[in-house]
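Reproduced below: protein_20.txt, with compact mmCIF, C-alpha atoms.
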```
# COMPACT_ATOMS: atom_id res chain seq x y z
CA MET A 11 82.33 -1.45 66.43
CA LEU A 12 78.73 -2.06 67.38
CA SER A 13 78.23 -5.12 69.57
CA ALA A 14 76.82 -8.32 68.07
CA SER A 15 73.69 -8.01 70.20
CA SER A 16 72.99 -4.39 69.19
CA THR A 17 73.68 -4.67 65.46
CA PRO A 18 70.44 -6.47 64.44
CA ILE A 19 68.40 -4.20 66.71
CA VAL A 20 69.84 -1.04 65.15
CA ALA A 21 69.43 -2.47 61.64
CA ALA A 22 65.77 -3.29 62.33
CA THR A 23 64.90 0.00 64.00
CA LEU A 24 66.95 2.45 61.92
CA PRO A 25 64.22 2.97 59.29
CA VAL A 26 61.72 3.90 62.02
CA VAL A 27 64.18 6.19 63.79
CA ALA A 28 65.16 7.80 60.47
CA GLU A 29 61.51 8.42 59.63
CA HIS A 30 61.03 10.33 62.88
CA LEU A 31 64.42 12.08 63.05
CA ASP A 32 63.01 15.58 62.57
CA ALA A 33 60.52 15.12 65.40
CA ILE A 34 63.16 13.50 67.63
CA SER A 35 65.61 16.33 66.95
CA GLU A 36 62.96 19.00 67.55
CA THR A 37 62.02 17.44 70.89
CA PHE A 38 65.68 17.03 71.82
CA TYR A 39 66.53 20.70 71.25
CA ALA A 40 63.32 22.02 72.78
CA THR A 41 63.80 19.99 75.95
CA MET A 42 67.53 20.49 76.37
CA LEU A 43 67.49 24.23 75.65
CA GLY A 44 64.30 24.73 77.65
CA GLU A 45 65.88 23.16 80.75
CA ASN A 46 69.36 24.62 80.11
CA PRO A 47 68.84 28.12 78.67
CA ALA A 48 72.53 28.98 79.04
CA LEU A 49 73.14 26.69 76.06
CA LEU A 50 71.21 29.09 73.83
CA ASP A 51 74.45 31.07 73.52
CA LEU A 52 76.10 28.01 71.96
CA PHE A 53 73.57 27.35 69.20
CA SER A 54 72.80 29.60 66.26
CA ARG A 55 69.38 31.19 66.67
CA SER A 56 68.91 31.38 62.91
CA ALA A 57 69.82 27.71 62.44
CA GLN A 58 67.34 26.79 65.16
CA ALA A 59 64.63 28.96 63.61
CA THR A 60 65.05 27.49 60.14
CA GLY A 61 65.38 23.91 61.34
CA GLU A 62 68.89 23.61 59.91
CA GLN A 63 70.34 22.64 63.29
CA ARG A 64 67.82 19.82 63.62
CA SER A 65 68.59 18.66 60.10
CA ALA A 66 72.31 18.55 60.83
CA LEU A 67 71.85 16.49 63.99
CA GLY A 68 69.42 14.08 62.36
CA GLY A 69 71.71 13.56 59.39
CA ALA A 70 74.70 12.80 61.60
CA VAL A 71 72.77 10.28 63.71
CA ALA A 72 71.39 8.46 60.68
CA ALA A 73 74.75 8.45 58.91
CA PHE A 74 76.62 7.03 61.89
CA ALA A 75 74.04 4.34 62.67
CA SER A 76 73.93 3.22 59.05
CA HIS A 77 77.74 3.31 58.93
CA LEU A 78 77.91 0.98 61.95
CA ILE A 79 75.68 -1.63 60.33
CA GLY A 80 77.52 -1.44 57.01
CA ALA A 81 74.77 0.36 55.08
CA GLY A 82 76.01 3.94 55.16
CA PRO A 83 78.96 5.93 53.85
CA SER A 84 82.30 4.22 53.25
CA PRO A 85 84.77 4.25 56.18
CA ALA A 86 86.91 6.89 54.45
CA THR A 87 83.90 9.11 53.74
CA PHE A 88 82.60 8.76 57.27
CA GLU A 89 85.99 9.61 58.78
CA HIS A 90 85.90 12.79 56.73
CA ILE A 91 82.46 13.59 58.18
CA VAL A 92 83.69 12.87 61.72
CA ASP A 93 86.68 15.15 61.25
CA ARG A 94 84.48 17.94 59.90
CA ILE A 95 82.10 17.68 62.87
CA ALA A 96 85.03 17.57 65.31
CA GLN A 97 86.59 20.67 63.75
CA ARG A 98 83.29 22.53 64.08
CA HIS A 99 82.86 21.39 67.69
CA CYS A 100 86.34 22.64 68.59
CA ALA A 101 85.54 25.98 66.99
CA LEU A 102 82.53 26.19 69.32
CA GLY A 103 84.48 25.16 72.42
CA ILE A 104 82.57 21.91 72.97
CA THR A 105 83.84 19.94 75.98
CA PRO A 106 83.70 16.18 76.73
CA GLU A 107 81.35 16.80 79.64
CA GLN A 108 78.68 18.18 77.32
CA TYR A 109 78.34 14.84 75.54
CA ALA A 110 76.71 13.29 78.61
CA MET A 111 74.04 15.99 78.62
CA VAL A 112 73.42 15.63 74.89
CA GLY A 113 73.13 11.85 75.23
CA LYS A 114 70.62 12.14 78.04
CA TYR A 115 68.31 14.48 76.14
CA LEU A 116 68.74 12.82 72.74
CA LEU A 117 67.85 9.35 73.97
CA GLY A 118 65.06 10.86 76.05
CA ALA A 119 63.65 12.42 72.88
CA VAL A 120 63.73 9.05 71.12
CA GLY A 121 61.63 7.61 73.95
CA THR A 122 59.24 10.56 73.88
CA ILE A 123 58.57 10.32 70.14
CA LEU A 124 58.51 6.53 69.73
CA GLY A 125 56.90 5.78 73.08
CA ASP A 126 56.33 2.18 74.12
CA ALA A 127 57.98 0.94 70.93
CA VAL A 128 61.33 1.69 72.58
CA THR A 129 61.98 -1.44 74.63
CA PRO A 130 64.90 -1.62 77.09
CA GLU A 131 66.86 -3.57 74.45
CA ILE A 132 66.25 -0.94 71.78
CA ALA A 133 67.15 1.86 74.19
CA ALA A 134 70.39 0.09 75.12
CA ALA A 135 71.32 -0.45 71.46
CA TRP A 136 70.83 3.20 70.55
CA ASP A 137 72.65 4.30 73.69
CA GLU A 138 75.57 2.23 72.42
CA VAL A 139 75.34 3.93 69.01
CA TYR A 140 75.41 7.35 70.63
CA TRP A 141 78.40 6.66 72.85
CA LEU A 142 80.41 5.05 70.09
CA PHE A 143 79.89 8.26 68.13
CA ALA A 144 80.61 10.47 71.14
CA VAL A 145 83.82 8.69 72.08
CA ARG A 146 85.09 8.92 68.51
CA LEU A 147 84.37 12.65 68.44
CA ILE A 148 85.82 13.29 71.90
CA GLY A 149 89.07 11.60 70.94
CA ARG A 150 89.36 13.48 67.67
CA GLU A 151 88.52 16.80 69.35
CA ALA A 152 91.16 16.24 72.03
CA ARG A 153 93.80 15.89 69.31
CA ILE A 154 92.57 18.99 67.49
CA TYR A 155 92.57 21.05 70.70
CA ALA A 156 96.10 19.87 71.49
CA THR A 157 97.34 20.86 68.03
CA ALA A 158 95.70 24.28 68.42
CA GLY A 159 97.23 24.76 71.87
CA VAL A 160 93.83 25.12 73.55
CA THR A 161 93.62 24.11 77.19
CA GLY A 162 91.17 24.75 79.99
CA GLU A 163 87.57 25.88 79.74
CA ASP A 164 88.04 29.19 77.87
CA PRO A 165 88.87 28.69 74.18
CA TRP A 166 88.57 32.39 73.33
CA ARG A 167 91.21 35.09 72.76
CA GLU A 168 90.66 38.83 72.47
CA TYR A 169 91.53 40.60 69.22
CA LEU A 170 91.70 44.28 68.37
CA VAL A 171 89.97 45.44 65.21
CA ALA A 172 92.93 47.09 63.50
CA SER A 173 90.92 48.15 60.46
CA ARG A 174 87.58 47.75 58.75
CA VAL A 175 87.25 47.72 54.96
CA ASP A 176 84.08 47.87 52.86
CA GLU A 177 84.65 45.14 50.26
CA ALA A 178 81.37 45.11 48.31
CA GLU A 179 77.67 45.66 48.84
CA GLU A 180 76.78 44.28 52.28
CA THR A 181 80.27 42.83 52.74
CA VAL A 182 82.95 44.08 55.14
CA SER A 183 86.41 42.84 56.09
CA PHE A 184 87.89 43.14 59.59
CA VAL A 185 91.66 42.97 60.10
CA LEU A 186 92.34 41.63 63.61
CA THR A 187 95.45 41.62 65.80
CA PRO A 188 95.87 39.99 69.24
CA ALA A 189 94.65 42.52 71.81
CA HIS A 190 97.31 41.72 74.39
CA GLY A 191 100.28 41.40 72.09
CA GLY A 192 101.99 38.34 70.77
CA PRO A 193 101.73 36.84 67.31
CA ALA A 194 98.54 35.94 65.53
CA PRO A 195 98.13 32.16 65.39
CA ASP A 196 99.37 30.28 62.38
CA PHE A 197 96.76 28.50 60.31
CA ARG A 198 96.31 26.58 57.08
CA PRO A 199 94.77 28.45 54.15
CA GLY A 200 91.06 27.65 54.02
CA GLN A 201 90.45 27.46 57.78
CA TYR A 202 87.97 29.54 59.79
CA VAL A 203 87.58 31.08 63.23
CA THR A 204 84.55 31.43 65.47
CA VAL A 205 83.54 34.93 66.53
CA ALA A 206 81.91 35.02 69.97
CA ALA A 207 79.76 38.13 69.59
CA ASP A 208 78.35 39.82 72.68
CA LEU A 209 75.06 41.26 71.44
CA PRO A 210 73.23 44.33 72.79
CA ASP A 211 70.53 42.18 74.42
CA GLY A 212 73.18 40.60 76.66
CA SER A 213 73.34 37.29 74.82
CA ARG A 214 76.36 35.78 73.15
CA GLN A 215 76.15 34.13 69.75
CA LEU A 216 78.83 32.15 67.94
CA ARG A 217 79.44 32.26 64.19
CA GLN A 218 82.20 30.84 62.00
CA TYR A 219 83.95 33.00 59.41
CA SER A 220 86.66 31.83 57.04
CA LEU A 221 89.99 33.61 57.20
CA SER A 222 90.22 35.54 53.95
CA GLN A 223 93.95 36.13 53.64
CA ALA A 224 97.00 33.90 53.89
CA PRO A 225 98.74 33.28 57.22
CA GLY A 226 101.58 35.58 58.21
CA GLY A 227 101.89 39.28 58.77
CA GLY A 228 100.82 39.27 62.41
CA SER A 229 97.07 39.59 61.79
CA LEU A 230 93.93 37.67 60.84
CA ARG A 231 91.23 38.85 58.45
CA ILE A 232 87.59 37.84 58.25
CA THR A 233 85.18 39.01 55.56
CA VAL A 234 81.51 39.14 56.59
CA ARG A 235 78.45 39.45 54.38
CA ARG A 236 75.32 40.78 56.07
CA VAL A 237 72.70 38.03 56.36
CA PRO A 238 69.11 39.34 56.30
CA GLY A 239 67.95 39.14 59.91
CA GLY A 240 71.34 37.78 60.99
CA ALA A 241 72.07 38.75 64.59
CA VAL A 242 75.86 38.41 64.40
CA SER A 243 76.49 39.66 60.87
CA GLY A 244 74.19 42.62 61.56
CA HIS A 245 76.05 43.38 64.78
CA LEU A 246 79.43 43.26 63.07
CA HIS A 247 78.25 45.51 60.24
CA ASP A 248 76.35 48.04 62.35
CA VAL A 249 78.34 48.23 65.57
CA VAL A 250 81.94 47.01 65.27
CA ARG A 251 84.52 49.58 64.22
CA ALA A 252 88.32 49.94 64.25
CA GLY A 253 89.56 50.03 67.85
CA ASP A 254 86.87 47.66 69.15
CA THR A 255 87.66 44.16 70.39
CA LEU A 256 86.28 40.79 69.37
CA ARG A 257 86.66 37.36 70.94
CA LEU A 258 87.83 34.66 68.55
CA SER A 259 88.59 30.97 68.66
CA GLN A 260 91.75 29.46 67.29
CA PRO A 261 91.60 28.64 63.56
CA TYR A 262 89.96 25.32 62.68
CA GLY A 263 88.53 23.54 59.65
CA ASP A 264 89.45 20.88 57.13
CA LEU A 265 89.02 22.76 53.85
CA VAL A 266 92.76 23.32 53.69
CA LEU A 267 95.17 23.54 50.81
CA ARG A 268 96.79 20.15 50.26
CA SER A 269 100.49 20.00 49.53
CA GLY A 270 101.56 19.47 45.94
CA ASP A 271 101.86 21.34 42.68
CA ASP A 272 98.87 20.03 40.72
CA PRO A 273 96.73 22.68 39.00
CA LEU A 274 94.20 24.34 41.27
CA LEU A 275 90.57 25.11 40.46
CA LEU A 276 88.95 27.43 43.02
CA ILE A 277 85.17 27.73 42.63
CA SER A 278 83.10 29.99 44.87
CA ALA A 279 79.80 31.81 45.09
CA GLY A 280 78.91 34.81 47.23
CA VAL A 281 80.88 35.11 50.43
CA GLY A 282 82.13 31.56 49.81
CA ILE A 283 85.03 33.34 48.14
CA THR A 284 86.68 33.88 51.53
CA PRO A 285 88.58 30.58 51.93
CA MET A 286 89.45 30.71 48.22
CA ALA A 287 90.96 34.17 48.72
CA ALA A 288 93.22 32.81 51.48
CA ILE A 289 94.28 29.85 49.33
CA LEU A 290 95.01 32.08 46.33
CA ASP A 291 96.97 34.54 48.47
CA HIS A 292 99.06 31.71 49.93
CA VAL A 293 99.79 30.10 46.56
CA ALA A 294 100.76 33.47 45.07
CA ARG A 295 103.26 33.93 47.90
CA THR A 296 104.70 30.42 48.04
CA GLN A 297 104.10 28.72 44.64
CA PRO A 298 104.00 31.45 41.98
CA THR A 299 104.57 28.90 39.19
CA ARG A 300 101.50 26.83 40.09
CA ARG A 301 98.63 26.94 37.58
CA VAL A 302 95.44 28.38 39.15
CA THR A 303 91.95 28.96 37.80
CA ALA A 304 89.57 31.00 39.99
CA VAL A 305 85.84 30.93 39.24
CA HIS A 306 83.33 33.08 41.13
CA ALA A 307 79.56 33.47 40.88
CA ASP A 308 77.61 36.34 42.45
CA ARG A 309 74.44 38.31 41.99
CA SER A 310 76.18 41.33 40.43
CA PRO A 311 79.63 42.91 40.06
CA ALA A 312 78.79 45.28 42.93
CA ARG A 313 78.35 42.31 45.28
CA HIS A 314 81.59 40.55 44.30
CA PRO A 315 83.85 40.71 47.39
CA LEU A 316 87.64 40.59 47.42
CA ILE A 317 87.92 41.05 43.65
CA VAL A 318 90.84 43.46 44.14
CA ASP A 319 92.68 40.78 46.14
CA THR A 320 91.89 38.15 43.52
CA THR A 321 93.24 40.31 40.72
CA ALA A 322 96.38 41.32 42.62
CA ASN A 323 97.22 37.79 43.75
CA GLY A 324 96.48 36.38 40.32
CA ALA A 325 98.94 38.84 38.78
CA ARG A 326 101.71 37.31 40.93
CA LEU A 327 101.17 33.87 39.36
CA ARG A 328 102.78 32.71 36.14
CA SER A 329 99.55 31.03 34.98
CA PHE A 330 96.23 32.41 36.24
CA GLN A 331 92.75 32.43 34.79
CA HIS A 332 89.84 34.31 36.38
CA LEU A 333 86.21 33.70 35.36
CA THR A 334 83.06 35.28 36.77
CA TRP A 335 79.34 34.65 36.41
CA TYR A 336 77.01 37.45 37.52
CA GLU A 337 73.37 36.48 37.79
CA SER A 338 72.26 40.01 36.88
CA THR A 339 73.97 39.87 33.46
CA ASP A 340 75.19 36.33 32.73
CA GLY A 341 72.65 34.13 34.45
CA ARG A 342 73.70 31.35 36.78
CA ILE A 343 77.02 29.58 36.50
CA ASP A 344 77.43 26.97 33.78
CA PRO A 345 79.71 24.40 35.45
CA ASP A 346 80.27 22.60 32.16
CA ALA A 347 81.91 25.77 30.82
CA VAL A 348 84.48 25.95 33.63
CA PRO A 349 87.99 25.13 32.32
CA LEU A 350 89.21 21.87 33.82
CA ASP A 351 92.88 20.90 33.81
CA PRO A 352 93.63 17.17 33.99
CA GLY A 353 94.58 16.25 37.54
CA ALA A 354 93.32 19.51 39.02
CA GLU A 355 92.59 19.78 42.74
CA VAL A 356 89.20 21.46 43.11
CA TYR A 357 88.06 23.59 46.05
CA LEU A 358 84.40 24.59 46.46
CA CYS A 359 82.61 26.98 48.78
CA GLY A 360 79.21 28.58 48.47
CA PRO A 361 75.49 27.99 49.04
CA VAL A 362 74.36 24.36 49.15
CA PRO A 363 72.40 24.38 45.82
CA PHE A 364 75.39 25.95 44.06
CA MET A 365 77.73 23.25 45.33
CA GLN A 366 75.28 20.49 44.48
CA THR A 367 75.19 21.69 40.88
CA VAL A 368 78.93 22.20 40.50
CA ARG A 369 79.90 18.98 42.24
CA ALA A 370 77.54 16.92 40.07
CA ALA A 371 79.00 18.50 36.93
CA LEU A 372 82.55 17.80 38.09
CA HIS A 373 81.64 14.15 38.61
CA ARG A 374 80.12 13.99 35.13
CA ARG A 375 83.33 15.40 33.74
CA GLY A 376 85.40 12.72 35.42
CA VAL A 377 86.78 14.47 38.49
CA PRO A 378 87.15 11.87 41.27
CA GLU A 379 85.61 12.62 44.66
CA GLU A 380 88.99 12.65 46.40
CA ARG A 381 90.01 15.69 44.32
CA ILE A 382 86.94 17.75 45.29
CA HIS A 383 87.31 19.63 48.57
CA TYR A 384 84.50 21.76 49.97
CA GLU A 385 83.26 23.83 52.88
CA VAL A 386 79.66 24.41 53.91
CA PHE A 387 78.65 26.29 57.06
CA GLY A 388 75.52 24.29 57.72
CA SER A 389 74.29 20.74 57.58
CA GLU A 390 75.69 18.05 55.29
CA GLN A 391 72.43 17.86 53.31
CA TRP A 392 74.09 18.39 49.95
CA ARG A 393 76.13 15.19 50.27
CA THR A 394 73.82 12.43 49.01
CA PRO A 395 74.00 9.68 51.63
CA ALA A 396 73.70 5.98 50.99
CA PRO A 397 70.05 4.87 51.19
CA LEU A 398 68.89 3.73 54.58
CA PRO A 399 67.91 0.08 54.89
CA THR A 400 64.22 -0.72 54.72
CA ALA A 401 62.39 -2.75 57.29
CA ALA A 402 62.22 -6.49 56.57
```

Written form, structure tokens:
Amino acid sequence: MLSASSTPIVAATLPVVAEHLDAISETFYATMLGENPALLDLFSRSAQATGEQRSALGGAVAAFASHLIGAGPSPATFEHIVDRIAQRHCALGITPEQYAMVGKYLLGAVGTILGDAVTPEIAAAWDEVYWLFAVRLIGREARIYATAGVTGEDPWREYLVASRVDEAEETVSFVLTPAHGGPAPDFRPGQYVTVAADLPDGSRQLRQYSLSQAPGGGSLRITVRRVPGGAVSGHLHDVVRAGDTLRLSQPYGDLVLRSGDDPLLLISAGVGITPMAAILDHVARTQPTRRVTAVHADRSPARHPLIVDTTANGARLRSFQHLTWYESTDGRIDPDAVPLDPGAEVYLCGPVPFMQTVRAALHRRGVPEERIHYEVFGSEQWRTPAPLPTAA
């Protein structure tokens, strides 16, 4: 809880801070990475280049500050956001010590951008906001690490590429087994791992990829679509072959199949099919009587990954419906035409505009927010936040 002395200060200054969040975030990253170049291996170069990383940071800061003064997301919604950020941090191997560095540079950037307007009282209030957020994340991350069995400073484990399969145009699957023996870690369908890719230029870049088959069987599988200009996806496609090794994190993520037997609606676009493939595989193995509808949108049939898996797993279910929308022949998905069972649990994964459209249609059709579960490997832009307060 924000202190009584800081609450009115944060409420009064939040509109100004929010207005300058992009500039603050840009200064923060430029200064921190410029003075600590080793951290470049931790942050996605493409997300930095496009500004997505800055957008994600700014959104989190604004959401938490507005939450503290009672003007932002509901407590339940914000706890969901905190858990999602904590899961992503654990997948990157973030440590408690790094929060002190981030706080130093972030608050320094606020002072740089807002200048003399940042009085000692304002600086102290925003320092309190930051550390309330940091402590909440550190505590949640400690619990996630403990559950995953991660200790020490090295969260990575080596895996052998047992096989490589071309799934569709520009999309490849890698089946991975622990390089030094032992079982593959258990995970919940819908989770992801981080690949720590050692690139030819000597740098290391981290990317998250959903696990695309159900747990069990002694291996993990990731399915990777080549991203134009993508350093890691390009490396995996062009360089990595069966017999090579990759370094992976433990599985993390909160887009996981909830327990129950309600009908399932799995909606994906592009390579967003990967967590849906794991969920469908798991349900086919463990709940073959559960009703499942799988909906996928892609540019063309040739680019539709894991369709063989979808068909095979669907055939193991007593009630399964499979719908596709291909932009080349059908146009874009019509979410109002998607069959919707009463009481269905809905899982979404795909590009942000796609999920914006589908989620809005689901709301119009009466699906409550608590039954819509999603994954997005980027900022939380597509979730419409509560409006920020305006200055008095």

* To do: Measure the distance from CA of Ala133 (chain A) to CA of Asn46 (chain A) in Å and round it to one decimal.
  =>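 These two atoms are separated by 23.6 Å.
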
* To do: Would you work out the distance separating CA of Pro165 (chain A) from CA of Phe197 (chain A), expressed in Å to one decimal?
  =>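 One can read the CA of Pro165 (chain A) to CA of Phe197 (chain A) distance as 16.0 Å.
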
* Need the neighbours of (82.1, 38.0, 40.8): which residues are at most 8 Å away, counting all atoms listed in the file, as a list of chain:residue names? -> A:Ala279, A:Gly280, A:His306, A:Ala307, A:Asp308, A:Arg309, A:Ser310, A:Pro311, A:Arg313, A:His314, A:Pro315, A:Ile317, A:Thr334, A:Trp335, A:Tyr336

* Report the distance between CA of Ser84 (chain A) and CA of Glu379 (chain A) in Å, rounded to one decimal place. =>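 CA of Glu379 (chain A) lies 12.5 Å from CA of Ser84 (chain A).
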
Can you list, as a PDB file with C-alpha atoms, keeping the file's coordinate frame, every protein, DNA or RNA residue that comes within 9 Å of Pro361 (chain A) when you count only C-alpha atoms, leaving out same-chain residues fewer than 2 positions away?
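Generated file (selection39.pdb):
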```pdb
ATOM      1  CA  SER A 278      83.100  29.990  44.870  1.00  0.00           C
ATOM      2  CA  ALA A 279      79.800  31.810  45.090  1.00  0.00           C
ATOM      3  CA  GLY A 280      78.910  34.810  47.230  1.00  0.00           C
ATOM      4  CA  GLY A 282      82.130  31.560  49.810  1.00  0.00           C
ATOM      5  CA  CYS A 359      82.610  26.980  48.780  1.00  0.00           C
ATOM      6  CA  PRO A 363      72.400  24.380  45.820  1.00  0.00           C
ATOM      7  CA  PHE A 364      75.390  25.950  44.060  1.00  0.00           C
ATOM      8  CA  MET A 365      77.730  23.250  45.330  1.00  0.00           C
ATOM      9  CA  GLN A 366      75.280  20.490  44.480  1.00  0.00           C
ATOM     10  CA  VAL A 386      79.660  24.410  53.910  1.00  0.00           C
ATOM     11  CA  PHE A 387      78.650  26.290  57.060  1.00  0.00           C
TER      12      PHE A 387
END
```

* Non-local contacts of Leu290 (chain A) (12 Å; all atoms listed in the file; under 2 positions in same chain excluded) as a ChimeraX atom specification -> /A:199-200,222-225,266-267,274-277,283-288,292-298,300-305,316-317,319-327,330-332,357

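Taking all atoms listed in the file into account, those protein, DNA and RNA residues with any atom at most 12 Å away from (99.1, 34.4, 66.3) amount to Ala158, Gly159, Arg167, Glu168, Tyr169, Leu186, Thr187, Pro188, Ala189, His190, Gly191, Gly192, Pro193, Ala194, Pro195, Asp196, Phe197, Pro225, Gly226, Gly227, Gly228, Ser229, Leu230, Arg231, Leu258, Ser259, Gln260 and Pro261 of chain A.
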
* Contacts of Ile123 (chain A) at 8 Å (only C-alpha atoms; same-chain gap of 3+ positions) as a list in words ->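 The residues that qualify are His30, Ala33, Ile34, Thr37, Ala119 and Val120 of chain A.
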
With C-alpha atoms retained, write the just-selected residues as an mmCIF file, in the coordinates of the input.
```cif
data_model
loop_
_atom_site.group_PDB
_atom_site.id
_atom_site.type_symbol
_atom_site.label_atom_id
_atom_site.label_comp_id
_atom_site.auth_asym_id
_atom_site.auth_seq_id
_atom_site.Cartn_x
_atom_site.Cartn_y
_atom_site.Cartn_z
ATOM 1 C CA HIS A 30 61.030 10.330 62.880
ATOM 2 C CA ALA A 33 60.520 15.120 65.400
ATOM 3 C CA ILE A 34 63.160 13.500 67.630
ATOM 4 C CA THR A 37 62.020 17.440 70.890
ATOM 5 C CA ALA A 119 63.650 12.420 72.880
ATOM 6 C CA VAL A 120 63.730 9.050 71.120
#
```

Residues at most 10 Å from Glu180 (chain A), counting all atoms listed in the file, excluding those fewer than 3 positions away in the same chain, as a JSON list (two decimals) with C-alpha atoms, in the coordinates of the input?
```json
[["chain", "number", "residue", "atom", "x", "y", "z"],
["A", 176, "ASP", "CA", 84.08, 47.87, 52.86],
["A", 177, "GLU", "CA", 84.65, 45.14, 50.26],
["A", 234, "VAL", "CA", 81.51, 39.14, 56.59],
["A", 235, "ARG", "CA", 78.45, 39.45, 54.38],
["A", 236, "ARG", "CA", 75.32, 40.78, 56.07],
["A", 237, "VAL", "CA", 72.70, 38.03, 56.36],
["A", 238, "PRO", "CA", 69.11, 39.34, 56.30],
["A", 243, "SER", "CA", 76.49, 39.66, 60.87],
["A", 244, "GLY", "CA", 74.19, 42.62, 61.56],
["A", 247, "HIS", "CA", 78.25, 45.51, 60.24],
["A", 312, "ALA", "CA", 78.79, 45.28, 42.93],
["A", 313, "ARG", "CA", 78.35, 42.31, 45.28],
["A", 315, "PRO", "CA", 83.85, 40.71, 47.39]]
```

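The shortest atom-to-atom distance to Arg374 (chain A), with all atoms listed in the file taken into account, belongs to A:Pro345 out of A:Pro345, A:Arg251, A:Leu50, A:Ile289.
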
* Asked: Quick one: of A:Ser13, A:Gln97, A:Ser329, A:Ser269, who's nearest to Thr157 (chain A), counting only C-alpha atoms?
  ->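 When distances to Thr157 (chain A) are compared using only C-alpha atoms, the smallest one comes from A:Gln97.
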
Step by step, gather every atom of region 313-332 of chain A that the file lists, find the box along x, y and z that holds them, add 5 Å on each side, and finally give centre and edge lengths in Å to one decimal, as JSON.
```
{"center_x": 90.6, "center_y": 37.2, "center_z": 41.1, "size_x": 34.4, "size_y": 22.4, "size_z": 22.6}
```

* Asked: With distances taken over only C-alpha atoms, which of A:Arg342, A:Arg150, A:Lys114, A:His77 is nearest to Val92 (chain A)?
  ->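 The closest residue to Val92 (chain A) is A:Arg150.
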
* Determine the nearest neighbour of Pro18 (chain A) from the options A:Ala135, A:Ala152, A:Ala72, A:Ala40, counting all atoms listed in the file. =>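 Once distances to Pro18 (chain A) are computed over all atoms listed in the file, the minimum belongs to A:Ala135.
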
* To do: Counting all atoms listed in the file, figure out which residue out of A:Ala252, A:Val318, A:Leu142, A:Val160 gets nearest to Cys100 (chain A).
  => A:Val160

As an mmCIF file with C-alpha atoms, in the coordinates of the input, please: the residues near Ala75 (chain A) (cut-off 10 Å, only C-alpha atoms, same-chain neighbours under 4 positions excluded).
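The resulting file, around-v7.cif, is shown below:
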```
data_model
loop_
_atom_site.group_PDB
_atom_site.id
_atom_site.type_symbol
_atom_site.label_atom_id
_atom_site.label_comp_id
_atom_site.auth_asym_id
_atom_site.auth_seq_id
_atom_site.Cartn_x
_atom_site.Cartn_y
_atom_site.Cartn_z
ATOM 1 C CA LEU A 12 78.730 -2.060 67.380
ATOM 2 C CA THR A 17 73.680 -4.670 65.460
ATOM 3 C CA VAL A 20 69.840 -1.040 65.150
ATOM 4 C CA ALA A 21 69.430 -2.470 61.640
ATOM 5 C CA LEU A 24 66.950 2.450 61.920
ATOM 6 C CA ALA A 28 65.160 7.800 60.470
ATOM 7 C CA ALA A 70 74.700 12.800 61.600
ATOM 8 C CA VAL A 71 72.770 10.280 63.710
ATOM 9 C CA ILE A 79 75.680 -1.630 60.330
ATOM 10 C CA GLY A 80 77.520 -1.440 57.010
ATOM 11 C CA ALA A 81 74.770 0.360 55.080
ATOM 12 C CA GLY A 82 76.010 3.940 55.160
ATOM 13 C CA TRP A 136 70.830 3.200 70.550
ATOM 14 C CA VAL A 139 75.340 3.930 69.010
ATOM 15 C CA TYR A 140 75.410 7.350 70.630
ATOM 16 C CA LEU A 142 80.410 5.050 70.090
ATOM 17 C CA PHE A 143 79.890 8.260 68.130
ATOM 18 C CA LEU A 398 68.890 3.730 54.580
#
```
